[in-house]
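S.K.: One structure follows; several queries about it will come next.
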Amino acid sequence: MKQITIDPITRLEGHGKIEIFLNDDGEVNNVYFQVPELRGFEKFCEGRPVEELSSIVTKICGVCPGCHHMASGKAIDAVFGVEPPPTAKLLRELFYSAHFVHSHIAHFYALAAPDFVIGPTANPAERNLLGVINKVGIEIGKEVIKQRRIAQEIQALLGGHQTHVVMNTPGGVKKGLTEEQRDDILPKAEGFIEFAKFSMQLFKDVVLGNKEYVDLILNGPYSLKLHSMGLVDENNKVNFYDGKVRVVDTEGKELYKYSPAEYIDYVEERVEPWSYLKFPYLKKIGWKGFVEGQDSGVYQATPLSRLNAADGMATPIAQKEYEAMYAILGGKPVHATLAMHWARLVELIYAGERCLELAQHPDITGKELRAPLGKVVGEGVGTVEAQRGTLTHHYWTDAKGMVTKVNLIVGTTNNNAAICMSIKKAAQGVIKKGIPVTEGTLNMIEMAFRAYDPCFSCATHSLPGQMKMILNIRDPRGNIIDTVKRD
Amino acid sequence: MDKKKDRENQVLVLGIGNEHLTDDGIGPKVVGDLQKLSFPVPLRFQKAFLGGLEIVELIDGYKKVVFIDAIRTKDGVPGTIYHYTPADFRETMHLSNLHDASFLLALQLGKKIGVQIPTDIDIIAIEIIEDLYFSTSLSPELEEQYPEILKEADRLLREVITVNVAGSTT
């Protein structure tokens with residue numbers, strides 16, 4: 001058995017890596033994607049007043065603090081048996097829509113676009129955000145930074161701080177929005193929509209205008225036929241902040257639709273001896289292994305899965321783009337991993353439109369920000385859609401609201417099995433006997449998991465051409481016969 | 001006063017890391033303690049969580065910036081303090097954000113789009129042990145060394161602001 005190791009020498013030295021095992025014929029036999037897990041969070045939370053958690057959880061991850069803050073806020077509401085007033089919900093969703101704008105812009109321009117604008121096997125020194133800007137123009141680069149910053153400013157305004165968010169309090173939010181502040185947000189939200197439309201057009205020009213890329217998306221080693229999960233509103237439209245969890249099967253037929261608090265009846269987590277992370281799967285189907293298809297228990301919870309699981313988008317421009325995407329890709333559901341980038345742009349438009357809708361809502365400047373707390377229920381679940389997938393916080397407390405137990409299922413963990421399968425399929429597609437393994441080969445494998453925008457607590461992200469890597473190709477006796485190194 | 005005017009003669013000392021993740025937050029911790037001391041030139045102290053593109057906005061317009069961050073090097077001795085500049089940069093824990101841009105790429109990008117990237121950039125990096133376990137305390141070994149770490153960071157900070165700044169700001 002030959003072994004190829006892709007070992008990122010970053011903060012996770014010796015931990016996060018992809019192990020590729022070749023058979024004696026030089027073909028990929030198996031792949032293991034290993035990442036470390038931050039430890040001790042549950043112990044860190046136990047014994048604290050539950051209302052502290054919404055601020056503490058923003059320290060889990062600097063990339064998606066707003067997601068944890070929102071899921072936590074909802075779980076805490078449930079612990080106190082309280083439903084926030086409409087204005088508080090609107091403000092939370094406005095914050096959260098801006099969070100999506102900020103994150104999706106960063107992902108598209110920094111992580112997705114380089115592979116297409118510069119090329120998947122291009123020189124890694126150029127295959128990055130700067131390379132994209134060199135190609136599309138400095139003014140676009142300025143807009144990327146500007147729109148990100150504006151989204152951050154809206155989050156800071158509503159959340160108290162753009163990263164260490166302190167917005168939520170049990171039963172509502174800590175501060176409201178003035179008319180003047182609302183008027184300031186309105187043109188900014190319009191700017192989000194325009195920039196999102198521009199980004200979508202850029203994607204269409206660069207990707208759909210290139211037959212090679214379309215072929216890569218549709219026929220390359222990047223498809224995975226799995227069930228899809230996402231939050232939907234009462235009309236089965238995509239919603240990031242609230243709703244029911246809907247799961248559709250590989251053919252697009254609804255399997256389940258449940259309230260977040262019922263997740264434990266539908267999702268179970270599995271442990272593998274070679275991985276620090278758990279592998280959630282659909283409990284009612286059961287674990288059938290790392291296999292695709294209708295009988296598999298593995299599901300995806302990604303931007304594309306959200307669109308697959310819903311009947312559409314709740315805003316007009318996003319709905320139009322949703323329909324266009326499925327028309328071009330041959331109807332629902334879509335299982336092309338790289339189409340996640342496209343779905344993310346549909347969501348970017350939705351997030352911009354939703355910001356505008358919410359800012360225009362007459363109740364957004366309402367004064368009732370918090371509902372009176374009920375009796376401590378002792379248990380609460382909060383679910384939102386994080387950028388990377390469905391995020392669930394589940395807290396247990398004693399009668400005084402002191403935390404006794406915590407369970408989190410984060411977006412990337414939902415996708416852990418699917419990510420491993422995508423990497424294996426990509427590796428099988430690009431590593432062939434007799435063909436030299438190059439840096440470009442590595443990047444094409446990375447593209448499989450980069451599409452998921454994986455977030456292992458800021459740990460194992462990959463930038464195109466920027467993650468330091470060593471790839472060792474070993475003969476059956478374990479001797480290194482070739483090395484591909486990226487410094 | 002607008003942001004640019006406010007920053008143009010200022011030196012920013014920026015500690016980056018997560019203070020809830022054992023040694024990971026040593027940069028912000030050191031910055032919090034340095035903030036209590038007196039320095040010969042005015043300094044602005046700030047804490048942050050992430051590098052990458054965030055840095056472009058944080059340092060925009062400052063005359064000089066000194067980053068204080070955690071680092072892990074192969075066979076590094078915990079508590080060791082290193083001093084880098086962008087010219088001899090080594091990857092620290094947070095200056096790059098693998099989610100969007102590396103440190104050097106972020107600086108290049110900032111310059112490219114007209115952000116006023118400080119001409120003087122220094123990086124003080126502290127070798128750590130544990131950054132995967134949630135705790136607001138440092139690891140025992142680093143905790144024991146902390147007074148010396150703070151002393152050395154203070155010395156280095158005074159050195160870099162004296163060499164690069166004192167002559168031009170006073």
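To be explicit about the labels: the chains of the structure tokens are called A, B, and onward in the order shown, and within each one the residues are counted from 1, while ligands get numbers from 1 in the order they are shown.
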Find the spatial neighbours of A:Gly220, counting only C-alpha atoms, within a cut-off of 9 Å - ignore same-chain residues fewer than 3 positions away - and output them as a list in words.

M.R.: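 Listing them by chain and then by number gives Asp215, Leu216, Ile217, Ser223, Ala336, Ala426 and Gly429 of chain A.
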
S.K.: When DSSP works through the backbone of this structure, what residues of stretch 75-132 of chain A end up as alpha helix (DSSP H), shown as a ChimeraX atom specification?

M.R.: /A:75-79,86-106,113,129-132

S.K.: Pull C-alpha atoms from the residues just selected and write them as a PDB file, in the first residue's frame.

M.R.:
ATOM      1  CA  ALA A  75     -31.359  28.192  23.143  1.00  0.00           C
ATOM      2  CA  ILE A  76     -31.259  30.522  26.159  1.00  0.00           C
ATOM      3  CA  ASP A  77     -34.708  31.912  25.301  1.00  0.00           C
ATOM      4  CA  ALA A  78     -35.941  28.325  25.340  1.00  0.00           C
ATOM      5  CA  VAL A  79     -34.295  27.619  28.696  1.00  0.00           C
ATOM      6  CA  PRO A  86     -41.229  40.878  17.120  1.00  0.00           C
ATOM      7  CA  THR A  87     -38.820  43.853  17.135  1.00  0.00           C
ATOM      8  CA  ALA A  88     -36.138  41.800  18.870  1.00  0.00           C
ATOM      9  CA  LYS A  89     -36.509  39.027  16.308  1.00  0.00           C
ATOM     10  CA  LEU A  90     -36.288  41.511  13.441  1.00  0.00           C
ATOM     11  CA  LEU A  91     -33.146  43.072  14.890  1.00  0.00           C
ATOM     12  CA  ARG A  92     -31.522  39.701  15.407  1.00  0.00           C
ATOM     13  CA  GLU A  93     -32.280  38.709  11.834  1.00  0.00           C
ATOM     14  CA  LEU A  94     -30.996  42.029  10.490  1.00  0.00           C
ATOM     15  CA  PHE A  95     -27.724  41.499  12.338  1.00  0.00           C
ATOM     16  CA  TYR A  96     -27.584  37.955  11.067  1.00  0.00           C
ATOM     17  CA  SER A  97     -28.255  38.882   7.449  1.00  0.00           C
ATOM     18  CA  ALA A  98     -25.355  41.359   7.603  1.00  0.00           C
ATOM     19  CA  HIS A  99     -23.216  38.553   9.062  1.00  0.00           C
ATOM     20  CA  PHE A 100     -24.013  36.430   6.004  1.00  0.00           C
ATOM     21  CA  VAL A 101     -23.184  39.298   3.639  1.00  0.00           C
ATOM     22  CA  HIS A 102     -19.809  39.742   5.287  1.00  0.00           C
ATOM     23  CA  SER A 103     -18.940  36.053   5.328  1.00  0.00           C
ATOM     24  CA  HIS A 104     -20.195  35.115   1.862  1.00  0.00           C
ATOM     25  CA  ILE A 105     -18.336  38.013   0.214  1.00  0.00           C
ATOM     26  CA  ALA A 106     -15.108  36.888   1.876  1.00  0.00           C
ATOM     27  CA  ALA A 113     -12.933  32.935  -7.155  1.00  0.00           C
ATOM     28  CA  LEU A 129      -7.484  37.207  -3.682  1.00  0.00           C
ATOM     29  CA  LEU A 130      -4.798  39.571  -4.945  1.00  0.00           C
ATOM     30  CA  GLY A 131      -4.590  37.603  -8.188  1.00  0.00           C
ATOM     31  CA  VAL A 132      -8.350  37.921  -8.570  1.00  0.00           C
TER      32      VAL A 132
END

S.K.: Between stretch 358-400 of chain A and stretch 181-187 of chain A, at 9 Å or less, what are the per-residue closest atom pairs and their distances in Å? Count only C-alpha atoms, order by chain and rising residue number, and return it as a tab-separated table.

M.R.:
residue	atom	partner	partner_atom	distance
A:Ala359	CA	A:Arg182	CA	6.0
A:Gln360	CA	A:Leu186	CA	7.3
A:Ile364	CA	A:Arg182	CA	8.1
A:Thr365	CA	A:Arg182	CA	7.5

S.K.: Using only C-alpha atoms, which of A:Lys257, A:Arg149, A:His335, A:His68 sits nearest chain B?

M.R.: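 Counting only C-alpha atoms, the residue closest to chain B is A:Arg149.
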
S.K.: Just checking: using only C-alpha atoms, which residue out of B:Lys4, B:Arg158, B:His94, B:Lys36 ends up closest to B:Val66?

M.R.: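 When distances to B:Val66 are compared using only C-alpha atoms, the smallest one comes from B:Arg158.
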
S.K.: Considering only strand (DSSP E or B) as DSSP defines it on the backbone, what residues of stretch 130-190 of chain A qualify? List them as a ChimeraX atom specification.

M.R.: /A:168-169,172-173

S.K.: What does the distance between atom CA of B:Ser137 and atom CA of A:Lys405 come to in Å, to one decimal place?

M.R.: 21.7 Å

S.K.: What are the closest atom pairs, with distances in Å to one decimal, for all residues of chain B lying within 10 Å of chain A? Consider only C-alpha atoms, order rows by chain and residue number, and present the result as a tab-separated table.

M.R.:
residue	atom	partner	partner_atom	distance
B:Gly17	CA	A:Gly62	CA	9.3
B:Asn18	CA	A:Lys59	CA	6.8
B:Glu19	CA	A:Lys59	CA	8.2
B:His20	CA	A:Lys59	CA	6.7
B:Leu21	CA	A:Lys59	CA	8.5
B:Ala48	CA	A:Thr163	CA	8.8
B:Phe49	CA	A:Gly62	CA	6.1
B:Leu50	CA	A:Gly62	CA	6.3
B:Gly51	CA	A:Gly62	CA	9.7
B:Leu53	CA	A:Ile145	CA	8.0
B:Glu54	CA	A:Arg149	CA	8.9
B:Val56	CA	A:Ile145	CA	8.9
B:Glu57	CA	A:Arg149	CA	8.0
B:Ile71	CA	A:Arg11	CA	8.1
B:Arg72	CA	A:Arg11	CA	7.1
B:Thr73	CA	A:Glu13	CA	9.0
B:Lys74	CA	A:Glu13	CA	8.7
B:Glu91	CA	A:Thr10	CA	7.7
B:Thr92	CA	A:Arg11	CA	7.9
B:Met93	CA	A:Arg11	CA	5.9
B:His94	CA	A:Arg11	CA	8.8
B:Asn97	CA	A:Cys458	CA	8.1
B:Leu98	CA	A:His461	CA	5.3
B:His99	CA	A:His461	CA	5.7
B:Asp100	CA	A:Ala110	CA	5.1
B:Ala101	CA	A:Ala110	CA	6.9
B:Ser102	CA	A:Gln466	CA	7.4
B:Leu105	CA	A:Leu130	CA	7.1
B:Ala106	CA	A:Leu130	CA	8.5
B:Gln108	CA	A:Leu130	CA	7.7
B:Leu109	CA	A:Leu130	CA	5.9
B:Gly110	CA	A:Lys142	CA	9.0
B:Lys112	CA	A:Ile138	CA	7.3
B:Ile113	CA	A:Lys142	CA	5.7
B:Gly114	CA	A:Lys142	CA	8.3
B:Val115	CA	A:Lys142	CA	9.2
B:Asp131	CA	A:Leu38	CA	8.2
B:Leu132	CA	A:Leu38	CA	4.6
B:Tyr133	CA	A:Arg39	CA	4.7
B:Phe134	CA	A:Gly40	CA	5.4
B:Ser135	CA	A:Phe44	CA	6.9
B:Thr136	CA	A:Phe44	CA	9.2

S.K.: Quick one: residues within 8 Å of stretch 297-300 of chain A, only C-alpha atoms, excluding same-chain residues fewer than 5 positions away - as a ChimeraX atom specification?

M.R.: /A:226-229,280-283,285-292,305,414-415,417-418

S.K.: Store the residues of this selection in a file with C-alpha atoms, as a compact mmCIF listing (two decimals), in the first residue's frame.

M.R.:
# COMPACT_ATOMS: atom_id res chain seq x y z
CA LEU A 226 -26.50 12.76 -0.58
CA HIS A 227 -29.55 14.01 1.29
CA SER A 228 -29.87 17.77 1.88
CA MET A 229 -30.66 19.67 5.09
CA PRO A 280 -23.63 13.09 12.36
CA TYR A 281 -26.05 11.06 10.25
CA LEU A 282 -29.79 10.67 9.81
CA LYS A 283 -30.90 8.56 12.75
CA ILE A 285 -32.02 5.76 8.21
CA GLY A 286 -29.03 4.72 10.27
CA TRP A 287 -25.32 4.70 9.57
CA LYS A 288 -24.56 2.73 6.42
CA GLY A 289 -20.97 3.87 6.06
CA PHE A 290 -19.34 6.54 3.93
CA VAL A 291 -21.59 5.80 0.99
CA GLU A 292 -23.66 7.87 -1.42
CA SER A 305 -28.20 21.81 0.57
CA ASN A 414 -22.83 18.15 9.96
CA ASN A 415 -20.76 17.93 6.80
CA ALA A 417 -18.72 12.66 6.51
CA ALA A 418 -19.57 14.42 3.26

S.K.: So that I can check the surroundings of B:Gln46, please list as a list of chain:residue names every protein, DNA and RNA residue that reaches within 9 Å of it, counting only C-alpha atoms and ignoring chain neighbours fewer than 6 positions away.

M.R.: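 Result of the neighbour search: B:Leu12, B:Val13, B:Leu14, B:Gly15, B:Ile16, B:Pro28, B:Val31, B:Gly32.
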
S.K.: Of the candidates B:Leu37, B:Ile68, B:Leu104, B:Leu150, which one gets nearest to B:Asp88 if we count only C-alpha atoms?

M.R.: B:Leu104

S.K.: Go through B:Ala125, B:Leu107, B:Lys63, B:Val77 one by one, measure the shortest atom-to-atom distance of each to B:Arg90 using only C-alpha atoms, and give the residue with the smallest value.

M.R.: B:Ala125

S.K.: For B:Tyr146, find every residue with an atom within 12 Å (counting only C-alpha atoms), except residues of its own chain fewer than 2 positions away, and show them as a compact mmCIF listing (two decimals) with C-alpha atoms, in the first residue's frame.

M.R.:
# COMPACT_ATOMS: atom_id res chain seq x y z
CA ASP B 23 -2.09 30.18 25.65
CA ILE B 26 -1.21 35.52 25.25
CA GLY B 27 -0.97 38.41 22.77
CA LYS B 29 -3.07 39.37 27.65
CA VAL B 30 0.36 40.96 27.20
CA ASP B 33 -0.69 44.47 30.86
CA PRO B 78 7.81 27.73 25.34
CA GLY B 79 8.04 31.32 26.46
CA THR B 80 10.66 32.29 23.89
CA ILE B 81 9.99 35.67 22.32
CA ILE B 126 5.60 34.38 21.88
CA GLU B 127 6.17 30.63 21.74
CA ILE B 128 3.21 28.83 23.33
CA SER B 137 -5.69 30.61 32.29
CA LEU B 138 -2.32 30.14 30.63
CA SER B 139 -0.73 26.71 30.74
CA PRO B 140 1.19 26.26 34.03
CA GLU B 141 4.58 26.47 32.32
CA LEU B 142 3.76 29.73 30.56
CA GLU B 143 2.03 31.11 33.65
CA GLU B 144 5.23 30.61 35.61
CA GLU B 148 9.64 37.31 32.32
CA ILE B 149 7.61 37.15 29.10
CA LEU B 150 5.96 40.46 29.91
CA LYS B 151 9.31 42.02 30.82
CA GLU B 152 10.86 40.91 27.54
CA ALA B 153 7.85 42.05 25.51
CA ASP B 154 8.07 45.42 27.25

S.K.: Skipping near chain neighbours, those fewer than 5 positions away, what residues fall within 8 Å of B:Val11 using only C-alpha atoms, listed as number ranges by chain?

M.R.: B: 42-44, 62-66

S.K.: Using only C-alpha atoms, can you tell me which of A:Thr413, A:Asn443, A:Asn236, A:Asn407 comes closest to A:Ala427?

M.R.: A:Asn443

S.K.: Give me the residues within 12 Å of A:Tyr263 as a compact mmCIF listing (two decimals) with N, CA and C atoms, in the first residue's frame, counting only C-alpha atoms and dropping any in the same chain fewer than 5 places off.

M.R.:
# COMPACT_ATOMS: atom_id res chain seq x y z
N MET A 229 -30.01 19.11 3.90
CA MET A 229 -30.66 19.67 5.09
C MET A 229 -30.60 21.20 5.06
N LYS A 244 -38.18 25.66 10.52
CA LYS A 244 -38.06 24.23 10.79
C LYS A 244 -36.93 23.63 9.96
N VAL A 245 -36.38 22.56 10.45
CA VAL A 245 -35.33 21.88 9.70
C VAL A 245 -36.01 20.93 8.72
N ARG A 246 -35.65 21.09 7.46
CA ARG A 246 -36.23 20.22 6.43
C ARG A 246 -35.10 19.39 5.81
N VAL A 247 -35.37 18.13 5.62
CA VAL A 247 -34.40 17.25 4.97
C VAL A 247 -35.06 16.65 3.75
N TYR A 256 -38.01 14.60 6.04
CA TYR A 256 -38.44 15.05 7.37
C TYR A 256 -38.56 16.56 7.39
N LYS A 257 -39.42 17.03 8.26
CA LYS A 257 -39.49 18.46 8.56
C LYS A 257 -39.82 18.54 10.05
N TYR A 258 -38.89 19.07 10.81
CA TYR A 258 -39.06 19.02 12.26
C TYR A 258 -38.64 20.32 12.93
N GLU A 268 -28.15 11.66 14.67
CA GLU A 268 -27.31 10.98 15.65
C GLU A 268 -25.85 11.18 15.24
N GLU A 269 -24.97 11.15 16.24
CA GLU A 269 -23.56 11.38 15.95
C GLU A 269 -22.77 10.09 16.14
N PRO A 280 -22.17 13.19 12.26
CA PRO A 280 -23.63 13.09 12.36
C PRO A 280 -24.23 12.38 11.14
N TYR A 281 -25.34 11.72 11.36
CA TYR A 281 -26.05 11.06 10.25
C TYR A 281 -27.54 11.03 10.59
N LEU A 282 -28.35 10.69 9.60
CA LEU A 282 -29.79 10.67 9.81
C LEU A 282 -30.17 9.41 10.59
N LYS A 283 -30.67 9.64 11.79
CA LYS A 283 -30.90 8.56 12.75
C LYS A 283 -31.90 7.53 12.23
N LYS A 284 -32.96 8.02 11.58
CA LYS A 284 -34.02 7.09 11.17
C LYS A 284 -33.56 6.18 10.04
N GLY A 380 -32.93 23.81 26.62
CA GLY A 380 -33.28 24.64 25.47
C GLY A 380 -32.42 24.33 24.26
N VAL A 381 -33.06 24.39 23.10
CA VAL A 381 -32.34 24.16 21.84
C VAL A 381 -32.50 25.41 20.97
N GLY A 382 -31.41 25.82 20.37
CA GLY A 382 -31.46 26.94 19.42
C GLY A 382 -30.77 26.53 18.14
N THR A 383 -31.44 26.74 17.01
CA THR A 383 -30.86 26.37 15.72
C THR A 383 -30.95 27.54 14.75
N THR A 390 -26.26 23.94 9.07
CA THR A 390 -27.17 24.03 10.21
C THR A 390 -26.38 23.97 11.52
N LEU A 391 -26.66 24.91 12.40
CA LEU A 391 -25.92 25.01 13.67
C LEU A 391 -26.90 24.88 14.83
N THR A 392 -26.65 23.92 15.71
CA THR A 392 -27.55 23.69 16.84
C THR A 392 -26.81 23.80 18.16
N HIS A 393 -27.38 24.57 19.07
CA HIS A 393 -26.89 24.64 20.46
C HIS A 393 -27.96 24.02 21.35
N HIS A 394 -27.56 23.16 22.23
CA HIS A 394 -28.49 22.49 23.14
C HIS A 394 -27.92 22.61 24.56
N ASN A 407 -24.39 20.72 24.44
CA ASN A 407 -24.06 19.97 23.22
C ASN A 407 -24.20 20.91 22.02
N LEU A 408 -23.19 20.93 21.17
CA LEU A 408 -23.24 21.74 19.95
C LEU A 408 -23.06 20.82 18.75
N ILE A 409 -23.88 21.03 17.73
CA ILE A 409 -23.60 20.40 16.43
C ILE A 409 -23.40 21.55 15.45

S.K.: As an exercise, work out the distance from atom CA of B:Asp60 to atom CA of A:Gly159 in Å and give it to one decimal place.

M.R.: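 If I compute the distance from atom CA of B:Asp60 to atom CA of A:Gly159, I get 23.0 Å.
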
S.K.: Report, in Å with one decimal, the straight-line distance from atom CA of A:Arg370 to atom CA of A:Glu46.

M.R.: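 Atom CA of A:Glu46 lies at a distance of 25.8 Å from atom CA of A:Arg370.
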